[in-house]
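The file query-v1.tsv contains TSV, C-alpha atoms and all ligand atoms:
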chain	number	residue	atom	x	y	z
A	5	MET	CA	114.99	79.70	98.78
A	6	SER	CA	117.12	77.02	97.20
A	7	LEU	CA	120.06	78.99	95.81
A	8	ALA	CA	122.46	81.40	97.50
A	9	LEU	CA	122.61	84.87	95.91
A	10	HIS	CA	125.93	84.23	94.16
A	11	GLU	CA	124.54	81.03	92.63
A	12	LEU	CA	121.65	82.74	90.86
A	13	PRO	CA	122.10	82.88	87.07
A	14	HIS	CA	122.92	86.19	85.31
A	15	LEU	CA	123.81	87.87	88.58
A	16	ILE	CA	127.28	89.18	89.46
A	17	VAL	CA	127.69	89.61	93.21
A	18	HIS	CA	130.17	91.81	95.08
A	19	ARG	CA	130.61	92.45	98.82
A	20	ASP	CA	131.44	95.88	100.27
A	21	GLU	CA	131.37	97.40	96.81
A	22	PRO	CA	131.79	101.21	96.59
A	23	LEU	CA	128.64	102.70	95.08
A	24	ALA	CA	130.46	105.70	93.64
A	25	ARG	CA	131.21	103.46	90.65
A	26	TYR	CA	127.50	103.08	89.95
A	27	THR	CA	126.24	106.66	90.27
A	28	ALA	CA	126.39	109.55	87.82
A	29	ALA	CA	127.66	111.88	90.58
A	30	ARG	CA	130.47	109.41	91.38
A	31	LEU	CA	129.47	109.56	95.06
A	32	GLY	CA	128.55	106.81	97.49
A	33	GLY	CA	130.20	104.53	100.03
A	34	PRO	CA	130.01	100.73	100.07
A	35	ALA	CA	126.95	98.55	99.69
A	36	ASP	CA	127.07	95.52	102.00
A	37	ILE	CA	126.10	93.46	98.96
A	38	LEU	CA	125.85	94.60	95.35
A	39	ALA	CA	124.37	92.40	92.64
A	40	ILE	CA	124.43	93.26	88.94
A	41	ALA	CA	121.38	91.75	87.23
A	42	GLN	CA	122.05	91.02	83.58
A	43	HIS	CA	118.61	89.62	82.83
A	44	ARG	CA	115.12	90.48	84.01
A	45	ASP	CA	114.80	87.05	85.66
A	46	ALA	CA	117.93	87.84	87.68
A	47	LEU	CA	116.40	91.15	88.75
A	48	ILE	CA	113.30	89.34	90.02
A	49	ALA	CA	115.35	86.55	91.64
A	50	ALA	CA	117.60	89.02	93.49
A	51	VAL	CA	114.57	90.83	94.94
A	52	GLN	CA	113.02	87.50	95.88
A	53	TRP	CA	116.26	86.50	97.63
A	54	ALA	CA	116.27	89.77	99.58
A	55	ARG	CA	112.68	89.29	100.67
A	56	GLU	CA	113.25	85.72	101.76
A	57	THR	CA	116.37	86.60	103.74
A	58	GLU	CA	114.78	89.81	105.09
A	59	THR	CA	117.59	91.88	103.60
A	60	ARG	CA	116.96	95.57	102.86
A	61	TRP	CA	117.17	96.12	99.12
A	62	ILE	CA	117.03	98.78	96.47
A	63	ILE	CA	117.18	98.69	92.68
A	64	LEU	CA	119.39	101.20	90.88
A	65	GLY	CA	119.44	101.80	87.15
A	66	GLY	CA	122.03	104.35	86.09
A	67	GLY	CA	122.23	105.92	89.55
A	68	ALA	CA	121.63	109.27	87.84
A	69	ASN	CA	118.98	110.58	90.24
A	70	VAL	CA	120.38	109.47	93.58
A	71	LEU	CA	122.64	110.99	96.20
A	72	ILE	CA	124.23	108.12	98.12
A	73	SER	CA	125.83	108.56	101.53
A	74	GLU	CA	129.59	108.21	101.91
A	75	TYR	CA	128.76	105.64	104.61
A	76	GLY	CA	127.10	103.47	102.01
A	77	PHE	CA	123.99	101.29	102.05
A	78	ARG	CA	123.26	98.55	104.59
A	79	GLY	CA	121.68	95.77	102.58
A	80	LEU	CA	121.54	94.72	98.93
A	81	VAL	CA	121.84	97.12	96.02
A	82	ILE	CA	120.68	95.56	92.74
A	83	ILE	CA	122.13	97.22	89.66
A	84	ASN	CA	119.73	96.65	86.80
A	85	ARG	CA	121.43	95.80	83.51
A	86	SER	CA	118.59	93.83	81.86
A	87	LYS	CA	118.63	95.22	78.34
A	88	GLU	CA	116.66	93.19	75.83
A	89	THR	CA	115.02	95.52	73.36
A	90	GLU	CA	112.74	95.13	70.35
A	91	ILE	CA	112.13	98.01	67.98
A	92	ASP	CA	109.44	97.71	65.32
A	93	ALA	CA	110.24	100.47	62.84
A	94	ALA	CA	106.99	99.93	60.90
A	95	SER	CA	104.56	100.39	63.80
A	96	GLY	CA	106.71	102.55	66.09
A	97	ARG	CA	106.32	100.10	68.94
A	98	VAL	CA	109.38	99.75	71.15
A	99	VAL	CA	109.65	97.17	73.91
A	100	ALA	CA	112.63	97.71	76.20
A	101	ASP	CA	113.82	95.99	79.36
A	102	SER	CA	114.03	98.38	82.29
A	103	GLY	CA	117.85	98.26	82.46
A	104	THR	CA	118.20	99.58	78.91
A	105	ASN	CA	120.23	102.78	78.74
A	106	LEU	CA	117.85	105.59	77.76
A	107	THR	CA	120.30	107.62	75.68
A	108	THR	CA	121.29	104.53	73.67
A	109	LEU	CA	117.64	103.59	73.14
A	110	ALA	CA	116.78	107.13	72.03
A	111	ARG	CA	119.62	107.06	69.45
A	112	ARG	CA	118.52	103.65	68.17
A	113	CYS	CA	114.93	104.86	67.75
A	114	ILE	CA	116.15	107.93	65.88
A	115	GLY	CA	118.19	105.66	63.60
A	116	GLN	CA	114.99	103.75	62.74
A	117	GLY	CA	113.09	106.93	61.90
A	118	LEU	CA	110.93	106.84	65.05
A	119	LYS	CA	109.94	110.22	66.40
A	120	GLY	CA	109.14	111.10	70.02
A	121	LEU	CA	112.09	110.01	72.15
A	122	GLU	CA	114.64	112.57	70.90
A	123	TRP	CA	114.58	114.26	74.34
A	124	GLY	CA	116.03	111.05	75.77
A	125	VAL	CA	119.45	111.54	74.14
A	126	SER	CA	120.42	113.94	76.90
A	127	VAL	CA	118.93	112.23	79.94
A	128	PRO	CA	121.27	109.73	81.63
A	129	GLY	CA	120.02	106.55	83.29
A	130	THR	CA	117.85	103.60	82.39
A	131	VAL	CA	114.34	103.08	81.05
A	132	GLY	CA	113.28	101.87	84.53
A	133	GLY	CA	114.50	105.04	86.24
A	134	ALA	CA	112.82	107.15	83.55
A	135	VAL	CA	109.51	105.31	84.07
A	136	VAL	CA	109.68	105.82	87.85
A	137	ASN	CA	110.58	109.53	87.63
A	138	ASN	CA	108.62	110.46	84.53
A	139	ALA	CA	111.93	111.72	83.21
A	140	GLY	CA	111.76	114.32	80.50
A	141	ALA	CA	113.48	117.23	78.81
A	142	HIS	CA	113.05	119.71	75.97
A	143	GLY	CA	109.25	119.46	76.13
A	144	GLY	CA	109.09	115.65	76.02
A	145	ASP	CA	108.74	113.10	78.77
A	146	MET	CA	108.03	109.45	79.50
A	147	ALA	CA	104.34	110.17	80.03
A	148	HIS	CA	104.05	111.10	76.33
A	149	ASN	CA	105.90	108.04	75.01
A	150	LEU	CA	104.89	105.22	77.30
A	151	ALA	CA	102.05	102.90	76.24
A	152	SER	CA	102.35	100.40	79.06
A	153	VAL	CA	104.74	99.01	81.61
A	154	GLU	CA	105.38	95.54	82.92
A	155	ILE	CA	105.70	95.69	86.65
A	156	ILE	CA	105.55	93.68	89.85
A	157	ASP	CA	103.68	95.30	92.73
A	158	LEU	CA	105.03	93.32	95.65
A	159	GLU	CA	102.29	94.57	97.93
A	160	THR	CA	99.71	92.64	95.96
A	161	SER	CA	101.54	89.98	93.95
A	162	THR	CA	104.83	88.37	93.03
A	163	THR	CA	104.03	87.95	89.36
A	164	PRO	CA	104.43	90.58	86.62
A	165	GLU	CA	101.40	92.51	85.44
A	166	THR	CA	100.88	95.04	82.68
A	167	TRP	CA	99.87	98.56	83.64
A	168	GLN	CA	98.60	101.09	81.14
A	169	THR	CA	100.28	104.50	81.42
A	170	GLN	CA	97.26	106.12	83.11
A	171	ALA	CA	97.74	103.82	86.13
A	172	LEU	CA	101.07	105.55	86.87
A	173	ASN	CA	99.29	108.86	87.57
A	174	TYR	CA	102.05	110.77	85.82
A	175	ASP	CA	102.73	114.41	86.60
A	176	TYR	CA	105.84	116.60	86.32
A	177	ARG	CA	108.72	114.30	87.48
A	178	TYR	CA	106.17	112.25	89.39
A	179	SER	CA	104.61	108.81	89.23
A	180	VAL	CA	102.89	106.61	91.80
A	181	LEU	CA	106.04	104.46	91.78
A	182	LYS	CA	108.35	107.24	93.00
A	183	GLY	CA	109.60	107.09	96.58
A	184	LYS	CA	107.98	103.67	97.23
A	185	ARG	CA	111.13	101.75	97.85
A	186	GLY	CA	110.67	98.01	98.27
A	187	ARG	CA	107.28	97.90	96.62
A	188	TYR	CA	107.69	97.92	92.83
A	189	ILE	CA	109.94	96.23	90.31
A	190	VAL	CA	109.72	97.85	86.87
A	191	LEU	CA	110.62	95.14	84.37
A	192	GLN	CA	109.87	96.44	80.90
A	193	ALA	CA	108.40	99.43	79.11
A	194	THR	CA	106.45	99.54	75.87
A	195	LEU	CA	106.75	102.87	74.08
A	196	GLN	CA	104.65	104.07	71.18
A	197	LEU	CA	106.62	106.35	68.87
A	198	GLU	CA	105.75	107.86	65.50
A	199	PRO	CA	107.16	105.84	62.59
A	200	GLY	CA	108.26	107.01	59.14
A	201	HIS	CA	110.43	110.04	59.91
A	202	ASP	CA	113.78	110.99	58.43
A	203	PRO	CA	116.53	109.79	60.82
A	204	LYS	CA	118.77	112.67	59.71
A	205	GLU	CA	116.20	115.27	60.72
A	206	LEU	CA	115.50	113.58	64.06
A	207	SER	CA	119.23	113.33	64.69
A	208	GLN	CA	119.67	117.02	64.02
A	209	VAL	CA	117.00	117.86	66.61
A	210	ALA	CA	118.65	115.55	69.16
A	211	ASP	CA	122.08	117.07	68.49
A	212	GLU	CA	120.66	120.54	69.10
A	213	PHE	CA	119.39	119.36	72.51
A	214	ILE	CA	122.92	118.23	73.39
A	215	VAL	CA	124.42	121.54	72.25
A	216	TYR	CA	121.85	123.45	74.32
A	217	ARG	CA	122.74	121.40	77.42
A	218	LYS	CA	126.44	121.96	76.97
A	219	ARG	CA	125.80	125.68	76.77
A	220	THR	CA	123.47	125.95	79.77
A	221	GLN	CA	124.60	123.26	82.21
A	222	PRO	CA	127.91	122.65	83.98
A	223	PRO	CA	130.21	119.89	82.68
A	224	GLY	CA	131.48	116.92	84.71
A	225	ALA	CA	129.91	114.42	87.10
A	226	SER	CA	126.68	115.69	88.65
A	227	LEU	CA	123.19	114.78	89.79
A	228	GLY	CA	121.46	116.94	87.19
A	229	SER	CA	118.75	119.23	88.56
A	230	MET	CA	118.64	119.06	92.36
A	231	PHE	CA	115.14	120.51	92.84
A	232	LYS	CA	111.88	120.32	90.93
A	233	ASN	CA	110.72	123.55	89.40
A	234	PRO	CA	107.91	125.01	91.53
A	235	PRO	CA	104.66	125.85	89.70
A	236	ASP	CA	105.15	128.73	87.22
A	237	ASP	CA	108.77	129.31	88.24
A	238	TYR	CA	112.24	127.80	88.03
A	239	ALA	CA	114.24	126.46	90.95
A	240	GLY	CA	117.44	127.79	89.34
A	241	ARG	CA	116.02	131.31	89.05
A	242	LEU	CA	114.98	131.35	92.72
A	243	ILE	CA	118.34	130.02	93.94
A	244	GLU	CA	120.19	132.59	91.85
A	245	ALA	CA	117.89	135.40	93.02
A	246	ALA	CA	118.61	134.37	96.62
A	247	GLY	CA	122.27	135.15	95.92
A	248	LEU	CA	123.37	131.53	96.23
A	249	LYS	CA	125.19	131.02	92.91
A	250	GLY	CA	128.71	129.91	93.80
A	251	HIS	CA	127.78	129.27	97.46
A	252	ARG	CA	129.96	126.47	98.81
A	253	ILE	CA	129.72	123.98	101.67
A	254	GLY	CA	132.69	121.64	102.04
A	255	GLY	CA	133.60	120.47	98.56
A	256	VAL	CA	130.26	121.21	96.88
A	257	GLU	CA	129.16	124.42	95.22
A	258	VAL	CA	125.97	125.84	93.72
A	259	SER	CA	127.00	125.91	90.07
A	260	THR	CA	127.89	129.30	88.68
A	261	VAL	CA	126.60	128.12	85.28
A	262	HIS	CA	123.15	126.89	86.40
A	263	ALA	CA	122.03	127.39	90.01
A	264	ASN	CA	119.86	124.22	90.09
A	265	PHE	CA	123.01	122.14	89.65
A	266	PHE	CA	125.51	121.48	92.43
A	267	THR	CA	129.07	120.80	91.37
A	268	ASN	CA	131.76	118.80	93.08
A	269	THR	CA	134.84	120.99	93.40
A	270	GLY	CA	137.01	117.91	93.89
A	271	ASP	CA	136.50	116.31	97.28
A	272	ALA	CA	132.77	116.71	98.01
A	273	THR	CA	130.94	114.14	100.12
A	274	ALA	CA	127.25	113.32	100.07
A	275	SER	CA	127.02	114.99	103.49
A	276	ASP	CA	128.31	118.23	101.91
A	277	TYR	CA	125.56	117.92	99.29
A	278	ALA	CA	122.94	117.26	101.97
A	279	ALA	CA	124.08	120.32	103.96
A	280	LEU	CA	123.97	122.53	100.85
A	281	ILE	CA	120.51	121.19	99.95
A	282	GLN	CA	119.22	122.22	103.39
A	283	HIS	CA	120.88	125.61	103.23
A	284	VAL	CA	119.43	126.35	99.79
A	285	GLN	CA	115.94	125.18	100.81
A	286	GLN	CA	116.01	127.32	103.97
A	287	THR	CA	117.36	130.42	102.22
A	288	VAL	CA	114.84	130.23	99.35
A	289	ALA	CA	111.98	129.60	101.80
A	290	THR	CA	112.99	132.61	103.93
A	291	ARG	CA	113.53	134.94	100.96
A	292	PHE	CA	110.60	133.96	98.76
A	293	GLY	CA	108.31	131.74	100.83
A	294	VAL	CA	108.77	128.89	98.34
A	295	GLY	CA	109.50	125.35	99.53
A	296	LEU	CA	111.85	123.74	97.01
A	297	GLU	CA	111.09	120.04	96.62
A	298	LEU	CA	113.97	117.69	95.86
A	299	GLU	CA	114.02	116.08	92.42
A	300	ILE	CA	116.81	113.71	93.46
A	301	GLU	CA	116.56	110.97	96.10
A	302	GLN	CA	118.85	110.69	99.11
A	303	ILE	CA	119.87	107.15	99.95
A	304	GLY	CA	121.95	105.32	102.54
A	305	GLU	CA	123.36	105.71	106.03
A	306	GLY	CA	122.66	109.08	107.57
A	307	LEU	CA	120.74	110.47	104.56
A	308	GLU	CA	117.44	108.62	104.99
A	309	GLU	CA	114.91	109.26	107.70
B	401	LIG	C1	123.77	115.30	84.22
B	401	LIG	C2	122.35	114.89	84.49
B	401	LIG	C3	121.33	115.45	83.76
B	401	LIG	C4	120.00	115.09	84.01
B	401	LIG	N1	119.00	115.63	83.26
B	401	LIG	C5	117.72	115.24	83.45
B	401	LIG	C6	116.66	115.75	82.65
B	401	LIG	O1	116.86	116.57	81.76
B	401	LIG	N2	115.41	115.32	82.89
B	401	LIG	C7	115.13	114.38	83.85
B	401	LIG	O2	113.96	114.00	84.00
B	401	LIG	N3	116.10	113.88	84.63
B	401	LIG	C8	117.39	114.28	84.45
B	401	LIG	N4	118.38	113.77	85.24
B	401	LIG	C9	118.03	112.80	86.29
B	401	LIG	C10	118.09	111.34	85.80
B	401	LIG	O3	118.74	111.25	84.57
B	401	LIG	C11	116.69	110.76	85.65
B	401	LIG	O4	115.95	110.87	86.85
B	401	LIG	C12	116.73	109.28	85.24
B	401	LIG	O5	115.46	108.89	84.79
B	401	LIG	C13	117.19	108.37	86.35
B	401	LIG	O6	117.32	107.06	85.85
B	401	LIG	P1	118.26	106.01	86.57
B	401	LIG	O7	118.16	104.72	85.86
B	401	LIG	O8	119.63	106.57	86.71
B	401	LIG	O9	117.55	105.91	88.00
B	401	LIG	P2	118.28	105.73	89.39
B	401	LIG	O10	118.89	107.02	89.82
B	401	LIG	O11	119.16	104.53	89.36
B	401	LIG	O12	117.02	105.41	90.32
B	401	LIG	C14	116.04	106.40	90.56
B	401	LIG	C15	114.89	105.79	91.35
B	401	LIG	O13	114.18	104.86	90.52
B	401	LIG	C16	114.16	103.56	91.13
B	401	LIG	N5	114.31	102.57	90.06
B	401	LIG	C17	115.20	102.58	89.05
B	401	LIG	N6	115.00	101.51	88.25
B	401	LIG	C18	113.99	100.81	88.79
B	401	LIG	C19	113.32	99.60	88.43
B	401	LIG	N7	113.67	98.88	87.36
B	401	LIG	N8	112.31	99.18	89.21
B	401	LIG	C20	111.92	99.88	90.31
B	401	LIG	N9	112.52	101.02	90.71
B	401	LIG	C21	113.54	101.48	89.95
B	401	LIG	C22	115.34	103.56	92.09
B	401	LIG	O14	115.15	102.63	93.13
B	401	LIG	C23	115.35	104.99	92.57
B	401	LIG	O15	114.40	105.11	93.59
B	401	LIG	C24	119.70	114.13	85.01
B	401	LIG	C25	120.75	113.55	85.75
B	401	LIG	C26	122.06	113.92	85.49
B	401	LIG	C27	123.15	113.27	86.28

Full structure transcribed into structure tokens:
Amino acid sequence: MSLALHELPHLIVHRDEPLARYTAARLGGPADILAIAQHRDALIAAVQWARETETRWIILGGGANVLISEYGFRGLVIINRSKETEIDAASGRVVADSGTNLTTLARRCIGQGLKGLEWGVSVPGTVGGAVVNNAGAHGGDMAHNLASVEIIDLETSTTPETWQTQALNYDYRYSVLKGKRGRYIVLQATLQLEPGHDPKELSQVADEFIVYRKRTQPPGASLGSMFKNPPDDYAGRLIEAAGLKGHRIGGVEVSTVHANFFTNTGDATASDYAALIQHVQQTVATRFGVGLELEIEQIGEGLEE
């Protein structure tokens, strides 16, 4: 390794940086080192630096699916802001860097008359996070839009390769990439959308999705849905039926609007969230014999096994 981390191009480096600034829930203590990658080469170089210096590392996109400990993360957190995007309105082919904001991309595609990504207007985070999680909403998901992904599998190589969508083994909020920290770097996604639609009509559909969300989900900073829906049921329905709507631990509460959301009543910590997660899982398991699986990931000191 010839260059120090702060000398690498297109990388902004901070020490002891509070992660709450980089997560949708506005939770998270300091990262020992935080590096904002503004180009895909910087993303790769930061990971390479971490490997060579044997530093623990994690990539975050929008931090919209992570609960980060108030004690922070020991190691390097790489915030992915690589955003080059090409949209071909004639063919419907969209090539987006993994740090591209999904809601912005969805709006841009709508503006070009491309159909298929309207669901994305209401899902916070980046293209990379959406690829990893098979993010989706309102009947759509990444699995239906993605043609291929450019990726580095550090277990087998240090150079990017192209994977067709089938290789990701997509299922409901699942891909082979999920939960494999330190193994994959998602660099770019190629989406295939349907060209030739009326942007006004697509926009109307997208706006209805936003209205629906506002009506059915609590406002303010959150982690979105905490648990995956179990087969043929809804996590929110089970939590509500267990009498847990409004249940509070410390500063966090099971939302009274939608029981699969937890809301911060003002001074919640990630530990409060973790305690409420456990309580809800235990109560639902005892009442209904259903094991609720987390949709979000818990990261950092005291939250990881
Ligand atoms: C209010 C709210 C509403 C939500 N609604 C929905 C919804 O309707 N549907 C839905 O599916 N989700 C929803 N979510 C969850 C979240 O938006 C999605 O999971 C989103 O795809 C996360 O993207 P991100 O960039 O924020 O990922 P992050 O939270 O930053 O990261 C998630 C995981 O992906 C990994 N990762 C991210 N980028 C890369 C990369 N480039 N390479 C390798 N690994 C990477 C991270 O290491 C981490 O393990 C919601 C969240 C909130 C806060």

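Ranking A:Val288, A:Ile72, A:Ala28, A:Leu227 by their shortest atom-to-atom distance to Ala245 of chain A, with all atoms listed in the file included, puts A:Val288 first.
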
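Within 7 Å of Glu90 of chain A, once only C-alpha atoms are used and residues closer than 4 positions along the same chain are dropped, the contacting residues are Val98, Val99 and Ala100 of chain A.
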
Nearest to Tyr277 of chain A, chosen from A:Leu47, A:Leu121, A:Ala263, A:Val258, with only C-alpha atoms counted in the distances
A:Val258

Find the residues of chain A that sit at most 8 Å from ligand LIG 401 (chain B); for each, write down the nearest two atoms and how far apart they are in Å, to one decimal. Count all atoms listed in the file. Sort by chain, then by number going up, and give it as a Markdown table.
| residue | atom | partner | partner_atom | distance |
| --- | --- | --- | --- | --- |
| A:Thr27 | CA | B:LIG401 | O10 | 7.4 |
| A:Ala28 | CA | B:LIG401 | C27 | 5.2 |
| A:Ala29 | CA | B:LIG401 | C27 | 6.4 |
| A:Ile62 | CA | B:LIG401 | O14 | 5.4 |
| A:Ile63 | CA | B:LIG401 | O14 | 4.5 |
| A:Leu64 | CA | B:LIG401 | O11 | 3.7 |
| A:Gly65 | CA | B:LIG401 | O7 | 3.4 |
| A:Gly66 | CA | B:LIG401 | O8 | 3.3 |
| A:Gly67 | CA | B:LIG401 | O11 | 3.4 |
| A:Ala68 | CA | B:LIG401 | O8 | 3.5 |
| A:Asn69 | CA | B:LIG401 | O10 | 3.6 |
| A:Val70 | CA | B:LIG401 | O10 | 4.7 |
| A:Ile83 | CA | B:LIG401 | O11 | 7.9 |
| A:Asn84 | CA | B:LIG401 | N7 | 6.5 |
| A:Ser102 | CA | B:LIG401 | N7 | 5.1 |
| A:Gly103 | CA | B:LIG401 | N7 | 6.5 |
| A:Asn105 | CA | B:LIG401 | O7 | 7.7 |
| A:Ser126 | CA | B:LIG401 | O1 | 6.6 |
| A:Val127 | CA | B:LIG401 | O3 | 4.7 |
| A:Pro128 | CA | B:LIG401 | O3 | 4.2 |
| A:Gly129 | CA | B:LIG401 | O8 | 3.4 |
| A:Thr130 | CA | B:LIG401 | O7 | 3.7 |
| A:Val131 | CA | B:LIG401 | O7 | 6.4 |
| A:Gly132 | CA | B:LIG401 | N6 | 4.1 |
| A:Gly133 | CA | B:LIG401 | O6 | 3.5 |
| A:Ala134 | CA | B:LIG401 | O5 | 3.4 |
| A:Val135 | CA | B:LIG401 | O5 | 7.0 |
| A:Val136 | CA | B:LIG401 | O13 | 5.3 |
| A:Asn137 | CA | B:LIG401 | O4 | 5.6 |
| A:Asn138 | CA | B:LIG401 | O2 | 6.4 |
| A:Ala139 | CA | B:LIG401 | O2 | 3.2 |
| A:Gly140 | CA | B:LIG401 | O2 | 4.1 |
| A:Ala141 | CA | B:LIG401 | O1 | 4.5 |
| A:His142 | CA | B:LIG401 | O1 | 7.6 |
| A:Asp145 | CA | B:LIG401 | O2 | 7.4 |
| A:Ile155 | CA | B:LIG401 | N8 | 7.9 |
| A:Arg177 | CA | B:LIG401 | O2 | 6.3 |
| A:Leu181 | CA | B:LIG401 | N9 | 7.4 |
| A:Lys182 | CA | B:LIG401 | O15 | 6.4 |
| A:Gly183 | CA | B:LIG401 | O15 | 6.0 |
| A:Lys184 | CA | B:LIG401 | O15 | 7.5 |
| A:Arg185 | CA | B:LIG401 | O14 | 6.3 |
| A:Tyr188 | CA | B:LIG401 | C20 | 5.3 |
| A:Ile189 | CA | B:LIG401 | N8 | 3.9 |
| A:Val190 | CA | B:LIG401 | N8 | 3.7 |
| A:Leu191 | CA | B:LIG401 | N7 | 5.7 |
| A:Gln192 | CA | B:LIG401 | N7 | 7.9 |
| A:Gly224 | CA | B:LIG401 | C1 | 7.9 |
| A:Ala225 | CA | B:LIG401 | C1 | 6.8 |
| A:Ser226 | CA | B:LIG401 | C27 | 4.9 |
| A:Leu227 | CA | B:LIG401 | C27 | 3.8 |
| A:Gly228 | CA | B:LIG401 | C2 | 3.5 |
| A:Ser229 | CA | B:LIG401 | C4 | 6.3 |
| A:Glu299 | CA | B:LIG401 | O4 | 7.9 |
| A:Ile300 | CA | B:LIG401 | O4 | 7.2 |
| A:Glu301 | CA | B:LIG401 | O15 | 6.7 |

Write out as a compact mmCIF listing (two decimals) with C-alpha atoms, keeping the file's coordinate frame the residues lying within 12 Å of Glu11 of chain A, counting all atoms listed in the file and excluding same-chain residues fewer than 4 positions away.
# COMPACT_ATOMS: atom_id res chain seq x y z
CA MET A 5 114.99 79.70 98.78
CA SER A 6 117.12 77.02 97.20
CA LEU A 7 120.06 78.99 95.81
CA LEU A 15 123.81 87.87 88.58
CA ILE A 16 127.28 89.18 89.46
CA VAL A 17 127.69 89.61 93.21
CA ALA A 39 124.37 92.40 92.64
CA ALA A 46 117.93 87.84 87.68
CA ALA A 49 115.35 86.55 91.64
CA ALA A 50 117.60 89.02 93.49
CA TRP A 53 116.26 86.50 97.63

As a list in words, please: the residues near Glu244 of chain A (cut-off 9 Å, only C-alpha atoms, same-chain neighbours under 2 positions excluded).
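My list of contacting residues is Ala239, Gly240, Arg241, Leu242, Ala246, Gly247, Leu248, Lys249, Thr260, His262, Ala263 and Asn264 of chain A.
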
Pairwise distance for atom CA of Asp236 of chain A and atom CA of Phe266 of chain A, rounded to one decimal in Å:
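Separation between atom CA of Asp236 of chain A and atom CA of Phe266 of chain A: 22.2 Å.
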
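Point (131.2, 102.3, 94.1) has the following residues at most 10 Å away: A:Asp20, A:Glu21, A:Pro22, A:Leu23, A:Ala24, A:Arg25, A:Tyr26, A:Thr27, A:Arg30, A:Leu31, A:Gly32, A:Gly33, A:Pro34, A:Ala35, A:Leu38, A:Ile72, A:Glu74, A:Gly76 (atoms considered: all atoms listed in the file).
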
For atom CA of Met146 of chain A and atom CA of Gly115 of chain A, quote the distance in Å rounded to one decimal.
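Between atom CA of Met146 of chain A and atom CA of Gly115 of chain A the gap works out to 19.2 Å.
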
For atom CA of Arg60 of chain A and atom CA of Ala278 of chain A, the interatomic separation in Å (one decimal):
22.5 Å

Counting all atoms listed in the file, which of A:Glu56, A:Asp36, A:Asp211, A:Glu297 gets nearest to Trp123 of chain A?
A:Asp211

List the spatial neighbours of Leu118 of chain A as number ranges by chain - criterion: any atom at most 7 Å away, only C-alpha atoms, same-chain residues fewer than 3 positions off excluded.
A: 93, 96, 113-114, 197-201

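Nearest to Glu305 of chain A of all the residues A:Ser275, A:Thr162, A:Thr267, A:Gln282 is A:Ser275, counting all atoms listed in the file.
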
Given all atoms listed in the file as the basis, pick out the residue of A:Val284, A:Val153, A:Ala147, A:Ala110 nearest to Asn173 of chain A.
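Of A:Val284, A:Val153, A:Ala147, A:Ala110, the one nearest Asn173 of chain A is A:Ala147, counting all atoms listed in the file.
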
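Proximity ranking of A:Thr163, A:Thr59, A:Ser207, A:Ser73 relative to Arg112 of chain A places A:Ser207 first, based on all atoms listed in the file.
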
All residues 6 Å or closer to Gln196 of chain A, all atoms listed in the file, same chain fewer than 5 positions away omitted, as a list in words:
Gly96, Arg97, Asn149 and Ala151 of chain A

As a JSON list (two decimals), in the frame of the given file, please: segment 128-138 of chain A completed to N, CA and C atoms.
[["chain", "number", "residue", "atom", "x", "y", "z"],
["A", 128, "PRO", "N", 120.58, 110.96, 81.25],
["A", 128, "PRO", "CA", 121.27, 109.73, 81.63],
["A", 128, "PRO", "C", 120.39, 108.80, 82.45],
["A", 129, "GLY", "N", 120.76, 107.52, 82.47],
["A", 129, "GLY", "CA", 120.02, 106.55, 83.29],
["A", 129, "GLY", "C", 119.37, 105.49, 82.42],
["A", 130, "THR", "N", 118.49, 104.73, 83.06],
["A", 130, "THR", "CA", 117.85, 103.60, 82.39],
["A", 130, "THR", "C", 116.37, 103.88, 82.12],
["A", 131, "VAL", "N", 115.78, 103.00, 81.33],
["A", 131, "VAL", "CA", 114.34, 103.08, 81.05],
["A", 131, "VAL", "C", 113.55, 102.95, 82.36],
["A", 132, "GLY", "N", 113.99, 102.06, 83.25],
["A", 132, "GLY", "CA", 113.28, 101.87, 84.53],
["A", 132, "GLY", "C", 113.26, 103.14, 85.37],
["A", 133, "GLY", "N", 114.42, 103.78, 85.49],
["A", 133, "GLY", "CA", 114.50, 105.04, 86.24],
["A", 133, "GLY", "C", 113.63, 106.11, 85.60],
["A", 134, "ALA", "N", 113.62, 106.14, 84.27],
["A", 134, "ALA", "CA", 112.82, 107.15, 83.55],
["A", 134, "ALA", "C", 111.32, 106.90, 83.76],
["A", 135, "VAL", "N", 110.92, 105.64, 83.82],
["A", 135, "VAL", "CA", 109.51, 105.31, 84.07],
["A", 135, "VAL", "C", 109.12, 105.77, 85.48],
["A", 136, "VAL", "N", 109.98, 105.47, 86.45],
["A", 136, "VAL", "CA", 109.68, 105.82, 87.85],
["A", 136, "VAL", "C", 109.57, 107.33, 88.03],
["A", 137, "ASN", "N", 110.50, 108.07, 87.40],
["A", 137, "ASN", "CA", 110.58, 109.53, 87.63],
["A", 137, "ASN", "C", 109.76, 110.36, 86.67],
["A", 138, "ASN", "N", 109.15, 109.72, 85.67],
["A", 138, "ASN", "CA", 108.62, 110.46, 84.53],
["A", 138, "ASN", "C", 109.67, 111.45, 84.04]]
